[in-house]
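What follows is structure_4.cif (mmCIF, C-alpha atoms).
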```cif
data_my_file
#
loop_
_atom_site.label_atom_id
_atom_site.label_comp_id
_atom_site.auth_asym_id
_atom_site.auth_seq_id
_atom_site.Cartn_x
_atom_site.Cartn_y
_atom_site.Cartn_z
CA MET A 1 0.00 0.00 0.00
CA LYS A 2 2.84 2.40 0.89
CA LYS A 3 4.53 1.65 -2.44
CA PHE A 4 1.34 2.42 -4.28
CA LEU A 5 0.98 5.66 -2.35
CA LEU A 6 4.56 6.66 -3.17
CA MET A 7 4.03 5.82 -6.83
CA LEU A 8 0.90 7.96 -6.98
CA VAL A 9 2.68 10.88 -5.32
CA ALA A 10 5.57 10.51 -7.80
CA VAL A 11 3.23 10.37 -10.82
CA LEU A 12 1.29 13.39 -9.63
CA GLY A 13 4.43 15.32 -8.74
CA PHE A 14 6.03 14.61 -12.11
CA SER A 15 2.87 15.54 -13.96
CA TYR A 16 2.44 18.86 -12.15
CA ALA A 17 6.15 19.71 -12.46
CA ALA A 18 6.12 19.06 -16.23
CA SER A 19 2.99 21.13 -16.60
CA ALA A 20 4.47 24.02 -14.65
CA GLN A 21 7.75 23.96 -16.61
CA CYS A 22 6.39 23.60 -20.14
CA GLY A 23 2.65 24.23 -19.99
CA ASP A 24 0.29 27.12 -19.52
CA GLU A 25 2.65 29.07 -17.24
CA LEU A 26 5.08 29.48 -20.14
CA MET A 27 2.25 30.60 -22.37
CA LYS A 28 1.19 33.19 -19.79
CA LYS A 29 4.77 34.45 -19.56
CA ALA A 30 5.08 34.81 -23.35
CA LEU A 31 1.68 36.54 -23.55
CA ALA A 32 2.66 38.96 -20.78
CA ALA A 33 5.86 39.83 -22.67
CA MET A 34 3.78 40.43 -25.83
CA GLY A 35 2.28 43.51 -24.16
CA SER A 36 -0.59 45.29 -25.90
CA ASN A 37 0.13 43.93 -29.39
CA GLN A 38 -2.54 41.99 -31.29
CA TYR A 39 -2.06 38.27 -30.58
CA MET A 40 -1.78 36.20 -33.76
CA LYS A 41 -0.53 32.74 -32.98
CA ASP A 42 1.46 30.68 -30.49
CA PHE A 43 3.91 27.86 -30.96
CA ASP A 44 4.32 24.99 -28.53
CA ILE A 45 8.00 24.05 -28.78
CA LYS A 46 9.33 20.70 -27.64
CA LEU A 47 12.87 19.78 -28.60
CA ALA A 48 14.20 16.27 -28.03
CA ALA A 49 17.83 15.77 -27.01
CA GLY A 50 20.07 15.29 -30.04
CA ALA A 51 17.58 16.73 -32.54
CA ALA A 52 20.07 18.99 -34.31
CA ASP A 53 17.52 20.11 -36.91
CA GLY A 54 15.12 21.17 -34.16
CA VAL A 55 11.50 21.76 -35.07
CA SER A 56 9.94 24.04 -37.64
CA PHE A 57 6.65 25.81 -38.25
CA THR A 58 5.33 27.80 -41.17
CA VAL A 59 3.61 31.14 -40.90
CA VAL A 60 2.31 33.63 -43.47
CA LEU A 61 3.55 37.15 -42.85
CA GLN A 62 2.07 40.15 -44.66
CA ALA A 63 3.92 43.03 -46.27
CA GLN A 64 3.97 46.45 -44.60
CA THR A 65 3.43 44.84 -41.22
CA LYS A 66 5.65 44.74 -38.14
CA TYR A 67 5.46 41.54 -36.09
CA GLN A 68 6.89 40.58 -32.71
CA PHE A 69 8.00 37.20 -31.43
CA ASN A 70 8.21 36.58 -27.68
CA ILE A 71 9.78 33.43 -26.30
CA ALA A 72 9.38 31.90 -22.84
CA ASN A 73 11.91 29.16 -22.09
CA GLY A 74 11.19 26.18 -19.85
CA ALA A 75 12.68 26.49 -16.35
CA SER A 76 14.73 23.33 -16.78
CA ASN A 77 16.15 24.19 -20.20
CA GLY A 78 19.95 23.90 -20.21
CA GLU A 79 20.08 26.35 -23.10
CA ASN A 80 17.69 28.96 -24.44
CA VAL A 81 16.00 28.14 -27.73
CA LYS A 82 17.03 29.91 -30.91
CA ILE A 83 14.29 30.99 -33.31
CA GLU A 84 15.22 31.78 -36.89
CA VAL A 85 12.79 33.28 -39.41
CA LEU A 86 13.64 31.97 -42.87
CA ASP A 87 12.55 33.45 -46.19
CA GLY A 88 13.07 30.43 -48.44
CA ALA A 89 16.53 29.16 -47.54
CA THR A 90 17.77 32.54 -46.27
CA THR A 91 17.65 33.57 -42.61
CA LEU A 92 15.85 36.90 -42.40
CA THR A 93 16.20 37.33 -38.65
CA SER A 94 16.54 35.45 -35.37
CA ASN A 95 16.56 36.07 -31.63
CA GLU A 96 20.38 36.06 -31.65
CA ASN A 97 22.51 38.91 -32.86
CA ALA A 98 26.18 39.69 -32.26
CA GLY A 99 26.39 37.03 -29.56
CA LYS A 100 23.40 38.37 -27.64
CA VAL A 101 20.28 36.26 -27.12
CA TYR A 102 16.92 38.05 -26.98
CA THR A 103 13.65 36.71 -25.58
CA GLY A 104 11.75 38.98 -27.94
CA PHE A 105 12.39 40.43 -31.38
CA GLN A 106 10.52 42.35 -34.04
CA VAL A 107 10.53 42.06 -37.81
CA LYS A 108 9.11 44.45 -40.38
CA ILE A 109 8.00 42.57 -43.49
CA THR A 110 7.96 43.94 -47.04
CA LYS A 111 7.20 40.66 -48.84
CA THR A 112 3.93 38.79 -48.23
CA GLY A 113 4.37 35.04 -48.16
CA PRO A 114 5.09 31.92 -46.14
CA TYR A 115 8.08 32.07 -43.80
CA LYS A 116 9.62 29.16 -41.95
CA LEU A 117 10.39 29.30 -38.23
CA LYS A 118 13.32 27.06 -37.40
CA ILE A 119 13.74 26.39 -33.70
CA THR A 120 16.85 24.78 -32.24
CA THR A 121 19.18 24.87 -29.24
CA PRO A 122 22.90 25.45 -29.86
CA GLY A 123 23.90 22.11 -28.33
CA ALA A 124 20.85 20.16 -29.54
CA SER A 125 19.80 19.67 -25.92
CA GLU A 126 16.31 18.79 -24.70
CA ALA A 127 14.20 21.92 -24.22
CA CYS A 128 10.67 23.24 -24.14
CA ALA A 129 9.41 26.76 -24.81
CA ARG A 130 6.39 28.74 -25.92
CA ALA A 131 6.61 31.47 -28.52
CA VAL A 132 3.91 34.01 -29.31
CA LEU A 133 3.61 35.89 -32.60
CA SER A 134 1.85 39.24 -32.42
CA LEU A 135 1.09 42.14 -34.72
CA VAL A 136 2.77 45.40 -33.66
CA GLU A 137 1.67 47.80 -36.40
CA GLN A 138 0.89 48.15 -40.08
CA PHE A 139 2.24 50.80 -42.39
CA MET B 1 -6.59 6.91 7.02
CA ILE B 2 -4.12 5.63 4.40
CA LYS B 3 -7.05 4.34 2.40
CA LYS B 4 -8.62 7.78 2.43
CA ILE B 5 -5.36 9.41 1.30
CA VAL B 6 -4.93 6.82 -1.46
CA PHE B 7 -8.52 7.40 -2.60
CA GLY B 8 -7.99 11.18 -2.55
CA LEU B 9 -4.76 10.92 -4.51
CA ALA B 10 -6.28 8.51 -7.01
CA LEU B 11 -9.14 10.93 -7.52
CA LEU B 12 -6.68 13.79 -8.00
CA ALA B 13 -4.66 11.69 -10.42
CA GLY B 14 -7.81 10.96 -12.39
CA VAL B 15 -8.83 14.61 -12.49
CA ASN B 16 -5.28 15.57 -13.45
CA PHE B 17 -5.25 13.04 -16.27
CA PHE B 18 -8.57 14.13 -17.72
CA THR B 19 -7.94 17.87 -17.40
CA SER B 20 -4.45 17.64 -18.89
CA CYS B 21 -5.92 15.70 -21.78
CA SER B 22 -9.11 17.68 -22.23
CA SER B 23 -8.07 18.95 -25.62
CA CYS B 24 -7.23 15.51 -26.90
CA SER B 25 -10.38 13.77 -25.73
CA SER B 26 -12.52 12.31 -28.44
CA ASN B 27 -16.22 12.92 -28.39
CA ASN B 28 -18.26 9.92 -29.48
CA ALA B 29 -20.54 12.28 -31.32
CA ASP B 30 -17.62 13.47 -33.44
CA ASN B 31 -18.24 10.92 -36.13
CA LEU B 32 -21.93 11.61 -36.50
CA ASP B 33 -21.75 14.80 -38.45
CA GLU B 34 -18.42 15.15 -40.11
CA ILE B 35 -17.24 15.56 -43.62
CA PRO B 36 -17.06 11.84 -44.52
CA ASP B 37 -13.94 9.83 -43.76
CA SER B 38 -13.81 8.80 -47.40
CA VAL B 39 -12.95 12.42 -48.11
CA ALA B 40 -10.51 12.64 -45.25
CA ASN B 41 -8.60 9.50 -46.11
CA ALA B 42 -9.35 7.69 -49.34
CA SER B 43 -8.66 10.55 -51.69
CA LEU B 44 -5.56 11.70 -49.88
CA GLN B 45 -2.75 12.36 -52.31
CA LEU B 46 -0.86 14.57 -49.89
CA SER B 47 -0.02 13.37 -46.40
CA GLU B 48 -1.80 14.95 -43.41
CA ASN B 49 1.48 16.64 -42.46
CA VAL B 50 1.85 18.22 -45.87
CA VAL B 51 -1.78 19.41 -45.84
CA ASN B 52 -1.34 20.77 -42.32
CA ASP B 53 1.79 22.63 -43.35
CA MET B 54 0.01 24.07 -46.37
CA ILE B 55 -3.00 25.20 -44.32
CA GLU B 56 -0.55 27.15 -42.16
CA ASN B 57 0.37 29.01 -45.35
CA ILE B 58 -3.06 30.53 -45.74
CA SER B 59 -3.11 33.95 -44.21
CA SER B 60 -5.15 34.92 -41.19
CA PRO B 61 -7.89 37.56 -41.56
CA VAL B 62 -6.46 39.51 -38.60
CA GLU B 63 -3.97 41.53 -40.66
CA MET B 64 -6.57 42.15 -43.36
CA ALA B 65 -9.05 43.59 -40.83
CA ASN B 66 -6.31 45.89 -39.48
CA SER B 67 -5.34 47.04 -43.00
CA ILE B 68 -8.98 47.88 -43.69
CA LYS B 69 -9.21 49.95 -40.53
CA ASN B 70 -5.95 51.72 -41.40
CA SER B 71 -7.38 52.69 -44.81
CA GLY B 72 -9.77 55.02 -42.97
CA VAL B 73 -12.95 53.36 -44.23
CA GLY B 74 -15.63 52.94 -41.61
CA PHE B 75 -17.31 49.71 -40.52
CA SER B 76 -20.06 48.39 -42.78
CA GLU B 77 -22.41 45.67 -41.61
CA LYS B 78 -23.52 45.09 -45.22
CA VAL B 79 -20.22 43.53 -46.28
CA MET B 80 -20.57 40.67 -43.79
CA ASN B 81 -22.52 37.44 -44.19
CA PRO B 82 -25.84 38.12 -42.37
CA SER B 83 -25.85 36.11 -39.13
CA ASP B 84 -29.40 34.89 -39.93
CA ASN B 85 -27.99 32.86 -42.82
CA MET B 86 -26.53 30.51 -40.21
CA LYS B 87 -29.80 28.51 -40.08
CA ASN B 88 -29.44 27.66 -43.79
CA TYR B 89 -26.23 25.69 -43.32
CA ASN B 90 -27.28 22.09 -42.79
CA SER B 91 -24.34 20.10 -44.10
CA SER B 92 -20.98 19.73 -42.33
CA PHE B 93 -19.23 21.20 -45.35
CA LYS B 94 -21.34 24.37 -45.34
CA ARG B 95 -21.11 24.66 -41.56
CA ALA B 96 -17.31 24.43 -41.64
CA LEU B 97 -17.00 26.89 -44.54
CA ASN B 98 -19.28 29.43 -42.91
CA LEU B 99 -17.71 28.95 -39.50
CA GLY B 100 -14.63 30.34 -41.25
CA VAL B 101 -16.69 33.11 -42.87
CA TYR B 102 -18.23 34.19 -39.55
CA SER B 103 -14.85 33.99 -37.78
CA ALA B 104 -13.48 36.51 -40.29
CA ASP B 105 -16.59 38.66 -39.78
CA LEU B 106 -16.00 38.45 -36.03
CA GLY B 107 -12.39 39.60 -36.54
CA TYR B 108 -13.70 42.53 -38.61
CA ILE B 109 -16.28 43.41 -35.92
CA ASN B 110 -13.69 43.18 -33.13
CA THR B 111 -11.23 45.37 -35.02
CA PHE B 112 -13.87 48.09 -35.24
CA ASN B 113 -15.14 47.43 -31.70
CA LYS B 114 -18.78 47.09 -32.82
CA ASN B 115 -20.43 45.75 -29.69
CA SER B 116 -23.91 46.17 -31.16
CA VAL B 117 -23.55 43.23 -33.56
CA VAL B 118 -20.89 41.09 -31.93
CA ILE B 119 -23.25 38.88 -29.89
CA GLN B 120 -25.29 37.73 -32.89
CA TYR B 121 -22.07 36.76 -34.72
CA LEU B 122 -20.70 34.99 -31.65
CA LEU B 123 -23.96 33.03 -31.51
CA ALA B 124 -23.64 32.11 -35.19
CA VAL B 125 -20.05 30.96 -34.64
CA LYS B 126 -21.04 28.93 -31.57
CA GLU B 127 -23.97 27.28 -33.39
CA LEU B 128 -21.88 26.26 -36.39
CA ALA B 129 -18.96 25.13 -34.19
CA ASP B 130 -21.35 22.92 -32.20
CA GLY B 131 -22.70 21.60 -35.50
CA ILE B 132 -19.30 20.17 -36.41
CA ASN B 133 -18.44 19.13 -32.83
CA VAL B 134 -15.81 21.74 -32.05
CA GLY B 135 -17.99 24.04 -29.93
CA GLN B 136 -16.12 23.02 -26.78
CA PHE B 137 -13.25 25.34 -27.76
CA LEU B 138 -15.43 28.45 -27.61
CA ASP B 139 -15.96 29.74 -24.11
CA PHE B 140 -19.15 31.50 -25.12
CA THR B 141 -19.92 32.88 -21.66
CA THR B 142 -16.52 34.59 -21.35
CA LEU B 143 -16.58 35.79 -24.97
CA LYS B 144 -20.04 37.27 -24.44
CA ARG B 145 -18.96 38.99 -21.21
CA LEU B 146 -15.89 40.48 -22.91
CA ALA B 147 -17.92 41.50 -25.96
CA THR B 148 -20.37 43.52 -23.91
CA ASN B 149 -17.64 45.51 -22.19
CA SER B 150 -15.66 47.78 -24.50
CA THR B 151 -12.73 48.00 -22.07
CA ASN B 152 -12.07 44.31 -22.63
CA LEU B 153 -11.47 44.61 -26.36
CA ASP B 154 -7.90 43.27 -26.29
CA SER B 155 -8.96 40.27 -24.21
CA LEU B 156 -11.85 39.59 -26.59
CA LYS B 157 -9.56 39.68 -29.63
CA GLN B 158 -7.06 37.41 -27.92
CA LEU B 159 -9.63 34.90 -26.70
CA SER B 160 -11.33 34.81 -30.11
CA VAL B 161 -8.08 34.05 -31.93
CA THR B 162 -6.81 31.54 -29.36
CA SER B 163 -10.17 29.71 -29.46
CA PHE B 164 -9.93 29.33 -33.24
CA ASN B 165 -6.30 28.24 -33.03
CA LYS B 166 -7.22 25.55 -30.47
CA MET B 167 -10.10 24.40 -32.66
CA ASP B 168 -7.80 24.20 -35.67
CA ARG B 169 -5.16 22.21 -33.75
CA TYR B 170 -7.78 19.81 -32.42
CA LEU B 171 -9.21 19.16 -35.89
CA ARG B 172 -5.79 18.40 -37.27
CA ASP B 173 -4.86 16.22 -34.29
CA GLN B 174 -8.09 14.30 -34.92
CA ARG B 175 -7.11 13.88 -38.59
CA ARG B 176 -9.96 16.13 -39.65
CA ALA B 177 -7.73 18.38 -41.74
CA ASN B 178 -10.45 18.46 -44.41
CA THR B 179 -12.78 20.24 -41.97
CA SER B 180 -9.93 22.55 -40.99
CA THR B 181 -9.31 23.27 -44.69
CA ALA B 182 -12.96 24.23 -45.22
CA ILE B 183 -12.87 26.61 -42.20
CA VAL B 184 -9.61 28.23 -43.33
CA ALA B 185 -10.90 28.58 -46.91
CA GLY B 186 -14.09 30.28 -45.67
CA ALA B 187 -12.15 32.67 -43.43
CA TRP B 188 -9.71 33.60 -46.18
CA LEU B 189 -12.49 34.15 -48.70
CA GLU B 190 -14.50 36.38 -46.35
CA GLY B 191 -11.38 38.41 -45.46
CA ILE B 192 -10.51 38.97 -49.10
CA ASN B 193 -14.16 39.75 -49.95
CA ILE B 194 -14.31 42.53 -47.36
CA THR B 195 -10.98 43.83 -48.69
CA CYS B 196 -12.40 43.85 -52.25
CA ASP B 197 -15.33 45.91 -51.07
CA VAL B 198 -13.05 48.52 -49.49
CA VAL B 199 -10.70 48.56 -52.51
CA GLU B 200 -13.69 49.18 -54.76
CA GLN B 201 -14.86 52.06 -52.56
CA THR B 202 -11.52 53.74 -51.95
CA ASN B 203 -9.01 52.59 -54.56
CA ASP B 204 -6.58 52.67 -51.63
CA GLU B 205 -3.18 51.80 -53.12
CA ASN B 206 -1.81 50.08 -50.03
CA LEU B 207 -4.87 47.85 -49.75
CA THR B 208 -4.86 47.15 -53.51
CA ASN B 209 -1.28 45.92 -53.19
CA ARG B 210 -2.26 43.72 -50.22
CA LEU B 211 -5.05 42.30 -52.39
CA ALA B 212 -2.61 41.64 -55.25
CA GLU B 213 -0.23 39.83 -52.85
CA GLN B 214 -2.92 37.27 -52.07
CA LYS B 215 -1.97 35.66 -55.40
CA SER B 216 0.48 33.32 -53.62
CA VAL B 217 -2.22 32.24 -51.14
CA VAL B 218 -4.66 31.30 -53.93
CA ASP B 219 -2.14 28.85 -55.39
CA ILE B 220 -1.61 27.15 -52.01
CA LEU B 221 -5.33 27.02 -51.25
CA LEU B 222 -6.06 25.38 -54.60
CA VAL B 223 -3.52 22.61 -54.04
CA VAL B 224 -5.10 21.79 -50.66
CA LEU B 225 -8.69 21.93 -52.00
CA ASP B 226 -7.84 19.77 -55.02
CA ASN B 227 -6.51 17.17 -52.63
CA TYR B 228 -10.08 16.59 -51.40
CA ALA B 229 -11.90 17.56 -54.61
CA LYS B 230 -11.20 14.25 -56.30
CA SER B 231 -13.68 12.37 -54.12
CA ASP B 232 -16.01 15.06 -52.82
CA LYS B 233 -18.30 17.14 -55.00
CA ASN B 234 -18.48 19.94 -52.41
CA PHE B 235 -14.72 20.44 -52.43
CA GLN B 236 -14.78 20.08 -56.22
CA ALA B 237 -17.36 22.87 -56.54
CA LEU B 238 -15.41 25.12 -54.17
CA SER B 239 -12.17 24.39 -56.00
CA ASP B 240 -13.82 25.38 -59.31
CA LYS B 241 -14.79 28.75 -57.84
CA ILE B 242 -11.29 29.33 -56.43
CA LYS B 243 -9.89 28.44 -59.87
CA GLY B 244 -11.89 31.41 -61.18
CA ILE B 245 -10.01 33.62 -58.68
CA LYS B 246 -6.69 32.09 -59.72
CA GLU B 247 -7.41 32.87 -63.39
CA ALA B 248 -8.09 36.49 -62.45
CA TYR B 249 -4.78 36.58 -60.54
CA ASP B 250 -2.91 35.34 -63.63
CA ASN B 251 -2.96 38.98 -64.75
CA VAL B 252 -0.96 40.07 -61.70
CA ARG B 253 2.83 39.75 -61.47
CA ILE B 254 4.86 40.70 -58.41
CA MET B 255 8.63 40.91 -58.62
CA TYR B 256 10.95 41.72 -55.72
CA GLU B 257 14.12 43.74 -55.79
CA VAL B 258 16.16 42.01 -53.09
CA GLY B 259 17.84 44.19 -50.46
CA ALA B 260 19.88 43.37 -47.35
CA PRO B 261 17.80 43.46 -44.13
CA ILE B 262 18.54 46.25 -41.65
CA VAL B 263 19.15 45.02 -38.09
CA LYS B 264 19.16 47.32 -35.07
CA GLU B 265 18.40 47.36 -31.36
CA VAL B 266 15.63 49.72 -30.28
CA ASP B 267 15.01 50.13 -26.52
CA GLY B 268 16.53 46.71 -25.86
CA MET B 269 14.43 45.02 -28.56
CA LEU B 270 16.10 43.49 -31.62
CA VAL B 271 14.37 44.90 -34.73
CA THR B 272 14.93 43.64 -38.28
CA GLU B 273 13.57 45.44 -41.31
CA GLN B 274 13.25 43.38 -44.45
CA ASN B 275 14.42 45.43 -47.38
CA ASP B 276 12.95 43.66 -50.42
CA ILE B 277 11.09 46.12 -52.65
CA PRO B 278 8.02 44.84 -54.52
CA HIS B 279 7.14 45.83 -58.09
CA TYR B 280 3.63 45.12 -59.30
CA GLU B 281 2.58 44.49 -62.92
CA PHE B 282 -1.08 44.30 -63.96
CA THR B 283 -2.38 43.14 -67.36
CA PRO B 284 -3.89 44.82 -69.34
CA ASP B 285 -4.02 47.54 -66.65
CA LYS B 286 -4.41 47.81 -62.88
CA ALA B 287 -8.11 48.76 -62.86
CA THR B 288 -9.15 45.89 -65.14
CA ALA B 289 -7.02 43.30 -63.35
CA ILE B 290 -8.33 44.32 -59.92
CA ASN B 291 -11.95 44.43 -61.13
CA ASN B 292 -11.59 40.90 -62.51
CA ILE B 293 -10.25 39.70 -59.14
CA ILE B 294 -13.13 41.40 -57.32
CA SER B 295 -15.73 39.76 -59.62
CA ALA B 296 -14.18 36.30 -59.19
CA VAL B 297 -13.97 36.71 -55.39
CA ARG B 298 -17.63 37.79 -55.20
CA GLU B 299 -18.74 34.79 -57.26
CA ALA B 300 -16.85 32.36 -55.04
CA ARG B 301 -18.05 34.02 -51.85
CA GLN B 302 -21.68 33.88 -53.06
CA PHE B 303 -21.30 30.15 -53.60
CA VAL B 304 -19.99 29.77 -50.05
CA ILE B 305 -22.66 31.77 -48.20
CA GLU B 306 -25.78 30.85 -50.25
#
```

For this file, write the structure as structure tokens.
Amino acid sequence: MKKFLLMLVAVLGFSYAASAQCGDELMKKALAAMGSNQYMKDFDIKLAAGAADGVSFTVVLQAQTKYQFNIANGASNGENVKIEVLDGATTLTSNENAGKVYTGFQVKITKTGPYKLKITTPGASEACARAVLSLVEQF
Amino acid sequence: MIKKIVFGLALLAGVNFFTSCSSCSSNNADNLDEIPDSVANASLQLSENVVNDMIENISSPVEMANSIKNSGVGFSEKVMNPSDNMKNYNSSFKRALNLGVYSADLGYINTFNKNSVVIQYLLAVKELADGINVGQFLDFTTLKRLATNSTNLDSLKQLSVTSFNKMDRYLRDQRRANTSTAIVAGAWLEGINITCDVVEQTNDENLTNRLAEQKSVVDILLVVLDNYAKSDKNFQALSDKIKGIKEAYDNVRIMYEVGAPIVKEVDGMLVTEQNDIPHYEFTPDKATAINNIISAVREARQFVIE
């Protein structure tokens, strides 16, 4: 009976801890960082250890529009995630510049079309994060 | 005592399991009123992943609604699909299509903060969502409360968009990408139809260019629709109408002069400015090409809402 009790406590504890590290709390954090922008979309990011190519998403961005990405990293991440915005095979922008890592970045688009979001960690370590895409302004 | 604790923990574990999996639970009623599985599976030329990726490539009506507001044109109830039409949609295909249409209308209403009509459109959205078994993602009570209080506009916009995103994810997780495709097609068509109306009224150059840029979206939408059109006459009919729009867009060419992006830090925020410059070509002239697009969009939209 004690073993069963311990097992239940462990299962519950693990479940709540995972939820707190990678679940709605991260989403709330990313949304809070978004500020008063117009929410567009969110991305649930789960990177497995050793996955060098990371994960990718596609998003249509419209010309004459400034967008913002906000990233909330999981508390147990060894490294922060890197988000690159690719136009075809070319990196248009990312949350890293001159050795500095940002948890938010903006991009002003002049070409309407599908863009790829490539999400990785530098050392291909296991990580979770939530990213929110929002509309800042249109020109 | 131990027994009571075990029972309590087991109960908690059960609640935890069901709440953490609420979005992946399958409703037995789901299969009663769906676009048939034969459409979802048998005709599939493209894998679900490819279709899902392509659906992501169809633009959201949020930017379009903002562009319309920026053009300075006021809100017009006449450009939307009347909410009363909702009772005419009896098939899953029509319900899904017009759920998309009304979601775009709702985005348009929210952008202009028109509390007077928002409830009737929320009701139409809820009714159609229930009709295709995705109503659980719309927290109607909260949406209604936010809609009736103008100070909650940002929360209303956010909850509306997140609800639709959750619905879309659920449909694709449930391998109902065909239903998701119909919703996205309806939303795109309604967004572009409202844009056409404003372009016709104002000749606003910025908005006309945004309309021209939808050319790339039409191509993607057609590939996805044709995937289901082979075995479903509803998708076939919709695809035929969208082909009419594609033909009109054949007279539009957009070329980009590639420039190096400008990267800077503004108040601690990394900001990148894309520097590609678009050049638009219309055949035989801009007015004719745009009028042809508007006519084709109206014909397709009429087919969807009738």

Q.
What does the structure give for the distance between atom CA of B:Asp267 and atom CA of A:Gly35, in Å to one decimal?
A.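 Separation between atom CA of B:Asp267 and atom CA of A:Gly35: 14.5 Å.
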
Against chain B, which residues of chain A fall within 7 Å? For each one I want the closest pair of atoms and the distance in Å (one decimal), counting all atoms listed in the file, rows by chain and increasing residue number, as a Markdown table.
```
| residue | atom | partner | partner_atom | distance |
| --- | --- | --- | --- | --- |
| A:Leu5 | CA | B:Val6 | CA | 6.1 |
| A:Leu8 | CA | B:Leu9 | CA | 6.8 |
| A:Leu12 | CA | B:Ala13 | CA | 6.2 |
| A:Tyr39 | CA | B:Gln158 | CA | 5.7 |
| A:Met40 | CA | B:Val161 | CA | 6.9 |
| A:Thr58 | CA | B:Glu56 | CA | 6.0 |
| A:Val59 | CA | B:Glu56 | CA | 5.9 |
| A:Val60 | CA | B:Asn57 | CA | 5.4 |
| A:Thr93 | CA | B:Thr272 | CA | 6.4 |
| A:Gly104 | CA | B:Met269 | CA | 6.6 |
| A:Phe105 | CA | B:Leu270 | CA | 4.8 |
| A:Gln106 | CA | B:Val271 | CA | 4.7 |
| A:Val107 | CA | B:Thr272 | CA | 4.7 |
| A:Lys108 | CA | B:Glu273 | CA | 4.7 |
| A:Ile109 | CA | B:Gln274 | CA | 5.4 |
| A:Thr110 | CA | B:Gln274 | CA | 5.9 |
| A:Lys111 | CA | B:Asp276 | CA | 6.7 |
| A:Thr112 | CA | B:Glu213 | CA | 6.3 |
| A:Gly113 | CA | B:Ser216 | CA | 6.9 |
| A:Pro114 | CA | B:Asn57 | CA | 5.6 |
| A:Gln138 | CA | B:Ser67 | CA | 7.0 |
```

**Q.** Hits of the PyMOL selection byres ((chain B and resi 186-194) around 9) in this structure, as number ranges by chain
**A.** B: 58-62, 64-65, 68, 79-81, 96-105, 108, 181-185, 195-199, 211, 214, 294, 297-298, 300-301, 304

Output the selection as a PDB file, in the coordinates of the input - C-alpha atoms for each residue.
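Result file selection.pdb:
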```pdb
ATOM      1  CA  ILE B  58      -3.060  30.530 -45.740  1.00  0.00           C
ATOM      2  CA  SER B  59      -3.110  33.950 -44.210  1.00  0.00           C
ATOM      3  CA  SER B  60      -5.150  34.920 -41.190  1.00  0.00           C
ATOM      4  CA  PRO B  61      -7.890  37.560 -41.560  1.00  0.00           C
ATOM      5  CA  VAL B  62      -6.460  39.510 -38.600  1.00  0.00           C
ATOM      6  CA  MET B  64      -6.570  42.150 -43.360  1.00  0.00           C
ATOM      7  CA  ALA B  65      -9.050  43.590 -40.830  1.00  0.00           C
ATOM      8  CA  ILE B  68      -8.980  47.880 -43.690  1.00  0.00           C
ATOM      9  CA  VAL B  79     -20.220  43.530 -46.280  1.00  0.00           C
ATOM     10  CA  MET B  80     -20.570  40.670 -43.790  1.00  0.00           C
ATOM     11  CA  ASN B  81     -22.520  37.440 -44.190  1.00  0.00           C
ATOM     12  CA  ALA B  96     -17.310  24.430 -41.640  1.00  0.00           C
ATOM     13  CA  LEU B  97     -17.000  26.890 -44.540  1.00  0.00           C
ATOM     14  CA  ASN B  98     -19.280  29.430 -42.910  1.00  0.00           C
ATOM     15  CA  LEU B  99     -17.710  28.950 -39.500  1.00  0.00           C
ATOM     16  CA  GLY B 100     -14.630  30.340 -41.250  1.00  0.00           C
ATOM     17  CA  VAL B 101     -16.690  33.110 -42.870  1.00  0.00           C
ATOM     18  CA  TYR B 102     -18.230  34.190 -39.550  1.00  0.00           C
ATOM     19  CA  SER B 103     -14.850  33.990 -37.780  1.00  0.00           C
ATOM     20  CA  ALA B 104     -13.480  36.510 -40.290  1.00  0.00           C
ATOM     21  CA  ASP B 105     -16.590  38.660 -39.780  1.00  0.00           C
ATOM     22  CA  TYR B 108     -13.700  42.530 -38.610  1.00  0.00           C
ATOM     23  CA  THR B 181      -9.310  23.270 -44.690  1.00  0.00           C
ATOM     24  CA  ALA B 182     -12.960  24.230 -45.220  1.00  0.00           C
ATOM     25  CA  ILE B 183     -12.870  26.610 -42.200  1.00  0.00           C
ATOM     26  CA  VAL B 184      -9.610  28.230 -43.330  1.00  0.00           C
ATOM     27  CA  ALA B 185     -10.900  28.580 -46.910  1.00  0.00           C
ATOM     28  CA  THR B 195     -10.980  43.830 -48.690  1.00  0.00           C
ATOM     29  CA  CYS B 196     -12.400  43.850 -52.250  1.00  0.00           C
ATOM     30  CA  ASP B 197     -15.330  45.910 -51.070  1.00  0.00           C
ATOM     31  CA  VAL B 198     -13.050  48.520 -49.490  1.00  0.00           C
ATOM     32  CA  VAL B 199     -10.700  48.560 -52.510  1.00  0.00           C
ATOM     33  CA  LEU B 211      -5.050  42.300 -52.390  1.00  0.00           C
ATOM     34  CA  GLN B 214      -2.920  37.270 -52.070  1.00  0.00           C
ATOM     35  CA  ILE B 294     -13.130  41.400 -57.320  1.00  0.00           C
ATOM     36  CA  VAL B 297     -13.970  36.710 -55.390  1.00  0.00           C
ATOM     37  CA  ARG B 298     -17.630  37.790 -55.200  1.00  0.00           C
ATOM     38  CA  ALA B 300     -16.850  32.360 -55.040  1.00  0.00           C
ATOM     39  CA  ARG B 301     -18.050  34.020 -51.850  1.00  0.00           C
ATOM     40  CA  VAL B 304     -19.990  29.770 -50.050  1.00  0.00           C
TER      41      VAL B 304
END
```

Q | Exercise: B:Leu143 partners within 12 Å, all atoms listed in the file, chain neighbours under 5 positions left out, as a list of chain:residue names | A |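 Near neighbours after the sequence-gap exclusion: B:Leu106, B:Asn110, B:Asn115, B:Val118, B:Ile119, B:Gln120, B:Tyr121, B:Leu122, B:Leu123, B:Val125, B:Lys126, B:Phe137, B:Leu138, B:Thr148, B:Asn149, B:Asn152, B:Leu153, B:Asp154, B:Ser155, B:Leu156, B:Lys157, B:Gln158, B:Leu159, B:Ser160, B:Val161, B:Thr162, B:Ser163.
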